[in-house]
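Worksheet: one structure, shown below.
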Amino acid sequence: MAEETIFRKIINQEISTELLYQDQFVTAFRDISPKAPTHILIIPNKLIATANDIEIEDEALIGKLYTVAKQLAKQEGIAESGYRLIMNCNQDGGQEVFHIHLHLLGGKPLGRMICS
Ligand code: DGP
């Protein structure tokens with residue numbers, strides 16, 4: 001059984017974080033440590049710890065993360081200039097918070113996909 005993370009408190013508004021989007025399935029807010037002028041996290045309200053834990057029944061929910069990301073990119077004015085959507089998984093992927101989240105990054109040229 002996966003353990004709840006700080007993101008549950010954000011979803012429940014138990015800690016003060018400005019929500020950019022929320023409905024019964026998905027929540028979005030700015031990353032606390034932005035790596036680009038726009039750095040938003042889009043998360044399912046349901047706890048799914050890692051990409052490895054996504055089940056067939058979650059397919060629509062995962063799709064919703066992307067439609068919300070697209071909407072937020074437009075709102076941020078970066079839809080046309082472009083952006084990157086990333087989901088990190090486990091240690092080698094650099095995952096720190098074990099509640100899946102899509103990083104929406106943009107607002108500047110992001111360069112190569114992976115820096116070695
Ligand atoms: P990842 O490495 O993919 O697990 O990214 C986790 C991100 O979550 C990281 O960029 C920082 C962000 N983060 C962690 N704790 C908080 C928090 O309490 N508030 C906000 N807004 N972002 C957080």
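Every chain in the structure tokens has a letter given in the order shown (A, B, ...), and although residue numbers restart at 1 in each chain, ligands are simply numbered from 1 in the order shown.
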
Pull the strand (DSSP E) assignments for chain A out of DSSP run on the backbone, and list those residues as a PDB file with N, CA and C atoms, in the first residue's frame.
ATOM      1  N   LEU A  19      -3.780  26.781  -6.190  1.00  0.00           N
ATOM      2  CA  LEU A  19      -4.127  25.773  -7.191  1.00  0.00           C
ATOM      3  C   LEU A  19      -4.426  26.459  -8.508  1.00  0.00           C
ATOM      4  N   LEU A  20      -3.819  25.972  -9.565  1.00  0.00           N
ATOM      5  CA  LEU A  20      -4.066  26.534 -10.893  1.00  0.00           C
ATOM      6  C   LEU A  20      -5.231  25.826 -11.567  1.00  0.00           C
ATOM      7  N   TYR A  21      -5.496  24.619 -11.099  1.00  0.00           N
ATOM      8  CA  TYR A  21      -6.598  23.828 -11.649  1.00  0.00           C
ATOM      9  C   TYR A  21      -6.958  22.768 -10.615  1.00  0.00           C
ATOM     10  N   GLN A  22      -8.241  22.513 -10.466  1.00  0.00           N
ATOM     11  CA  GLN A  22      -8.671  21.354  -9.676  1.00  0.00           C
ATOM     12  C   GLN A  22     -10.074  20.938 -10.084  1.00  0.00           C
ATOM     13  N   VAL A  26      -8.207  15.706 -10.946  1.00  0.00           N
ATOM     14  CA  VAL A  26      -6.859  16.233 -11.187  1.00  0.00           C
ATOM     15  C   VAL A  26      -6.658  17.563 -10.450  1.00  0.00           C
ATOM     16  N   THR A  27      -5.418  17.790 -10.006  1.00  0.00           N
ATOM     17  CA  THR A  27      -5.043  19.064  -9.369  1.00  0.00           C
ATOM     18  C   THR A  27      -3.740  19.551  -9.999  1.00  0.00           C
ATOM     19  N   ALA A  28      -3.588  20.861 -10.143  1.00  0.00           N
ATOM     20  CA  ALA A  28      -2.347  21.425 -10.698  1.00  0.00           C
ATOM     21  C   ALA A  28      -1.926  22.643  -9.893  1.00  0.00           C
ATOM     22  N   PHE A  29      -0.616  22.761  -9.713  1.00  0.00           N
ATOM     23  CA  PHE A  29      -0.044  23.870  -8.925  1.00  0.00           C
ATOM     24  C   PHE A  29       1.399  24.064  -9.363  1.00  0.00           C
ATOM     25  N   ARG A  30       1.977  25.223  -9.008  1.00  0.00           N
ATOM     26  CA  ARG A  30       3.353  25.511  -9.406  1.00  0.00           C
ATOM     27  C   ARG A  30       4.344  24.725  -8.563  1.00  0.00           C
ATOM     28  N   THR A  38       7.945  28.683 -16.553  1.00  0.00           N
ATOM     29  CA  THR A  38       6.715  27.954 -16.198  1.00  0.00           C
ATOM     30  C   THR A  38       7.122  26.565 -15.744  1.00  0.00           C
ATOM     31  N   HIS A  39       6.749  26.204 -14.531  1.00  0.00           N
ATOM     32  CA  HIS A  39       6.995  24.836 -14.038  1.00  0.00           C
ATOM     33  C   HIS A  39       5.812  24.464 -13.149  1.00  0.00           C
ATOM     34  N   ILE A  40       4.914  23.726 -13.748  1.00  0.00           N
ATOM     35  CA  ILE A  40       3.655  23.355 -13.085  1.00  0.00           C
ATOM     36  C   ILE A  40       3.619  21.840 -12.924  1.00  0.00           C
ATOM     37  N   LEU A  41       3.066  21.387 -11.815  1.00  0.00           N
ATOM     38  CA  LEU A  41       2.867  19.954 -11.586  1.00  0.00           C
ATOM     39  C   LEU A  41       1.388  19.640 -11.744  1.00  0.00           C
ATOM     40  N   ILE A  42       1.098  18.624 -12.526  1.00  0.00           N
ATOM     41  CA  ILE A  42      -0.289  18.187 -12.738  1.00  0.00           C
ATOM     42  C   ILE A  42      -0.373  16.772 -12.183  1.00  0.00           C
ATOM     43  N   ILE A  43      -1.263  16.579 -11.233  1.00  0.00           N
ATOM     44  CA  ILE A  43      -1.290  15.299 -10.512  1.00  0.00           C
ATOM     45  C   ILE A  43      -2.715  14.738 -10.459  1.00  0.00           C
ATOM     46  N   PRO A  44      -2.835  13.417 -10.421  1.00  0.00           N
ATOM     47  CA  PRO A  44      -4.159  12.834 -10.197  1.00  0.00           C
ATOM     48  C   PRO A  44      -4.512  12.987  -8.725  1.00  0.00           C
ATOM     49  N   TYR A  83       6.747  23.506 -25.043  1.00  0.00           N
ATOM     50  CA  TYR A  83       6.945  23.112 -23.638  1.00  0.00           C
ATOM     51  C   TYR A  83       7.302  21.642 -23.576  1.00  0.00           C
ATOM     52  N   ARG A  84       7.605  21.183 -22.378  1.00  0.00           N
ATOM     53  CA  ARG A  84       7.966  19.771 -22.189  1.00  0.00           C
ATOM     54  C   ARG A  84       7.110  19.196 -21.070  1.00  0.00           C
ATOM     55  N   LEU A  85       6.656  17.972 -21.257  1.00  0.00           N
ATOM     56  CA  LEU A  85       5.900  17.245 -20.233  1.00  0.00           C
ATOM     57  C   LEU A  85       6.726  16.030 -19.819  1.00  0.00           C
ATOM     58  N   ILE A  86       6.990  15.930 -18.528  1.00  0.00           N
ATOM     59  CA  ILE A  86       7.870  14.860 -18.030  1.00  0.00           C
ATOM     60  C   ILE A  86       7.222  14.188 -16.827  1.00  0.00           C
ATOM     61  N   LEU A 102       2.890  15.064 -13.557  1.00  0.00           N
ATOM     62  CA  LEU A 102       3.408  15.491 -14.849  1.00  0.00           C
ATOM     63  C   LEU A 102       4.009  16.872 -14.625  1.00  0.00           C
ATOM     64  N   HIS A 103       5.283  17.032 -14.985  1.00  0.00           N
ATOM     65  CA  HIS A 103       5.911  18.352 -14.941  1.00  0.00           C
ATOM     66  C   HIS A 103       5.598  19.043 -16.266  1.00  0.00           C
ATOM     67  N   LEU A 104       5.050  20.234 -16.204  1.00  0.00           N
ATOM     68  CA  LEU A 104       4.857  21.080 -17.388  1.00  0.00           C
ATOM     69  C   LEU A 104       5.907  22.183 -17.306  1.00  0.00           C
ATOM     70  N   LEU A 105       6.852  22.139 -18.241  1.00  0.00           N
ATOM     71  CA  LEU A 105       7.985  23.079 -18.218  1.00  0.00           C
ATOM     72  C   LEU A 105       8.008  23.877 -19.510  1.00  0.00           C
ATOM     73  N   GLY A 106       8.245  25.174 -19.398  1.00  0.00           N
ATOM     74  CA  GLY A 106       8.345  25.993 -20.604  1.00  0.00           C
ATOM     75  C   GLY A 106       8.630  27.431 -20.258  1.00  0.00           C
TER      76      GLY A 106
END

Please identify the residues whose atoms come within 9 Å of ligand 1, using only C-alpha atoms and all ligand atoms, and report them as a VMD selection string. chain A and resid 5 to 7 9 to 10 15 17 to 18 29 to 35 39 to 41 86 to 90 93 to 103

How about saving the chosen residues, N, CA, C and O atoms kept, as a tab-separated table (two decimals), in the first residue's frame?
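What ended up in again22.tsv:
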chain	number	residue	atom	x	y	z
A	5	THR	N	1.67	11.40	0.39
A	5	THR	CA	2.79	12.34	0.36
A	5	THR	C	2.27	13.75	0.64
A	5	THR	O	1.07	13.95	0.84
A	6	ILE	N	3.18	14.69	0.57
A	6	ILE	CA	2.83	16.10	0.73
A	6	ILE	C	1.76	16.53	-0.30
A	6	ILE	O	0.96	17.43	-0.05
A	7	PHE	N	1.73	15.85	-1.44
A	7	PHE	CA	0.76	16.23	-2.47
A	7	PHE	C	-0.68	16.01	-2.01
A	7	PHE	O	-1.59	16.71	-2.46
A	9	LYS	N	-1.81	16.69	0.94
A	9	LYS	CA	-2.14	17.91	1.69
A	9	LYS	C	-2.43	19.07	0.74
A	9	LYS	O	-3.28	19.92	1.02
A	10	ILE	N	-1.73	19.11	-0.39
A	10	ILE	CA	-1.98	20.16	-1.38
A	10	ILE	C	-3.36	19.94	-2.02
A	10	ILE	O	-4.16	20.86	-2.13
A	15	ILE	N	-2.39	22.60	3.20
A	15	ILE	CA	-1.30	23.58	3.24
A	15	ILE	C	-1.56	24.58	2.12
A	15	ILE	O	-2.13	24.23	1.09
A	17	THR	N	-1.24	26.39	-0.91
A	17	THR	CA	-0.60	26.36	-2.22
A	17	THR	C	-1.67	26.82	-3.20
A	17	THR	O	-2.79	26.31	-3.17
A	18	GLU	N	-1.31	27.77	-4.03
A	18	GLU	CA	-2.28	28.26	-5.02
A	18	GLU	C	-2.54	27.16	-6.05
A	18	GLU	O	-1.60	26.65	-6.67
A	29	PHE	N	-0.62	22.76	-9.71
A	29	PHE	CA	-0.04	23.87	-8.92
A	29	PHE	C	1.40	24.06	-9.36
A	29	PHE	O	2.00	23.19	-10.01
A	30	ARG	N	1.98	25.22	-9.01
A	30	ARG	CA	3.35	25.51	-9.41
A	30	ARG	C	4.34	24.73	-8.56
A	30	ARG	O	4.14	24.55	-7.35
A	31	ASP	N	5.41	24.27	-9.23
A	31	ASP	CA	6.48	23.56	-8.53
A	31	ASP	C	7.16	24.52	-7.56
A	31	ASP	O	7.41	25.68	-7.87
A	32	ILE	N	7.48	24.02	-6.39
A	32	ILE	CA	8.10	24.83	-5.34
A	32	ILE	C	9.52	25.24	-5.72
A	32	ILE	O	10.05	26.24	-5.22
A	33	SER	N	10.12	24.49	-6.63
A	33	SER	CA	11.51	24.74	-7.03
A	33	SER	C	11.60	24.77	-8.55
A	33	SER	O	12.09	23.82	-9.18
A	34	PRO	N	11.09	25.87	-9.15
A	34	PRO	CA	10.91	25.89	-10.61
A	34	PRO	C	12.22	25.78	-11.40
A	34	PRO	O	13.20	26.41	-11.05
A	35	LYS	N	12.19	24.96	-12.43
A	35	LYS	CA	13.36	24.75	-13.29
A	35	LYS	C	13.21	25.49	-14.62
A	35	LYS	O	14.07	25.38	-15.50
A	39	HIS	N	6.75	26.20	-14.53
A	39	HIS	CA	6.99	24.84	-14.04
A	39	HIS	C	5.81	24.46	-13.15
A	39	HIS	O	5.72	24.88	-11.99
A	40	ILE	N	4.91	23.73	-13.75
A	40	ILE	CA	3.65	23.35	-13.09
A	40	ILE	C	3.62	21.84	-12.92
A	40	ILE	O	4.10	21.10	-13.80
A	41	LEU	N	3.07	21.39	-11.81
A	41	LEU	CA	2.87	19.95	-11.59
A	41	LEU	C	1.39	19.64	-11.74
A	41	LEU	O	0.55	20.33	-11.17
A	86	ILE	N	6.99	15.93	-18.53
A	86	ILE	CA	7.87	14.86	-18.03
A	86	ILE	C	7.22	14.19	-16.83
A	86	ILE	O	6.67	14.86	-15.96
A	87	MET	N	7.32	12.86	-16.78
A	87	MET	CA	6.98	12.14	-15.55
A	87	MET	C	8.19	11.29	-15.17
A	87	MET	O	8.60	10.40	-15.92
A	88	ASN	N	8.79	11.59	-14.03
A	88	ASN	CA	9.94	10.84	-13.55
A	88	ASN	C	9.48	9.57	-12.84
A	88	ASN	O	8.43	9.58	-12.19
A	89	CYS	N	10.26	8.51	-12.95
A	89	CYS	CA	9.91	7.26	-12.27
A	89	CYS	C	11.11	6.69	-11.52
A	89	CYS	O	12.16	6.42	-12.11
A	90	ASN	N	10.92	6.56	-10.20
A	90	ASN	CA	11.90	5.89	-9.33
A	90	ASN	C	13.27	6.55	-9.37
A	90	ASN	O	13.44	7.66	-9.87
A	93	GLY	N	15.10	7.73	-12.58
A	93	GLY	CA	14.30	8.77	-13.22
A	93	GLY	C	14.30	10.07	-12.43
A	93	GLY	O	13.78	11.08	-12.89
A	94	GLY	N	14.85	10.03	-11.21
A	94	GLY	CA	14.93	11.23	-10.39
A	94	GLY	C	13.64	11.56	-9.66
A	94	GLY	O	13.42	12.72	-9.28
A	95	GLN	N	12.80	10.56	-9.44
A	95	GLN	CA	11.53	10.83	-8.75
A	95	GLN	C	11.76	11.06	-7.26
A	95	GLN	O	12.45	10.26	-6.60
A	96	GLU	N	11.21	12.16	-6.74
A	96	GLU	CA	11.36	12.50	-5.33
A	96	GLU	C	10.06	12.34	-4.55
A	96	GLU	O	10.07	12.04	-3.37
A	97	VAL	N	8.95	12.63	-5.23
A	97	VAL	CA	7.65	12.55	-4.55
A	97	VAL	C	6.88	11.37	-5.18
A	97	VAL	O	6.65	11.36	-6.40
A	98	PHE	N	6.49	10.44	-4.31
A	98	PHE	CA	5.91	9.20	-4.81
A	98	PHE	C	4.38	9.27	-4.87
A	98	PHE	O	3.66	8.53	-4.21
A	99	HIS	N	3.96	10.21	-5.70
A	99	HIS	CA	2.56	10.42	-6.10
A	99	HIS	C	2.75	10.97	-7.51
A	99	HIS	O	3.28	12.08	-7.66
A	100	ILE	N	2.39	10.20	-8.51
A	100	ILE	CA	2.79	10.58	-9.88
A	100	ILE	C	2.36	12.01	-10.21
A	100	ILE	O	1.33	12.49	-9.75
A	101	HIS	N	3.18	12.64	-11.02
A	101	HIS	CA	2.92	14.02	-11.44
A	101	HIS	C	3.57	14.27	-12.78
A	101	HIS	O	4.65	13.76	-13.06
A	102	LEU	N	2.89	15.06	-13.56
A	102	LEU	CA	3.41	15.49	-14.85
A	102	LEU	C	4.01	16.87	-14.63
A	102	LEU	O	3.34	17.77	-14.11
A	103	HIS	N	5.28	17.03	-14.99
A	103	HIS	CA	5.91	18.35	-14.94
A	103	HIS	C	5.60	19.04	-16.27
A	103	HIS	O	5.87	18.48	-17.34

For atom CA of Ile48 of chain A and atom CA of Asp92 of chain A, quote the distance in Å rounded to one decimal. 18.3 Å

Using DSSP assignments from the backbone, pull out every residue in segment 42-105 of chain A that falls under helix (DSSP H, G or I) and give it to me as a VMD selection string. chain A and resid 51 to 53 56 to 76 90 to 93

Tell me which of A:Pro109, A:Gln71, A:Gly82, A:Leu61 sits closest to Lys46 of chain A, counting only C-alpha atoms. A:Leu61

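Shortest atom-to-atom contact with Leu47 of chain A among A:Ile78, A:Ala2, A:Leu72, A:Ala60: A:Ala2, counting only C-alpha atoms.
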
Please measure the separation of atom CA of Met113 of chain A and atom CA of Glu59 of chain A, giving the value in Å to one decimal.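 The value is 25.2 Å.
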
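Between atom CA of Glu3 of chain A and atom CA of Ala49 of chain A the interatomic distance comes to 8.0 Å.
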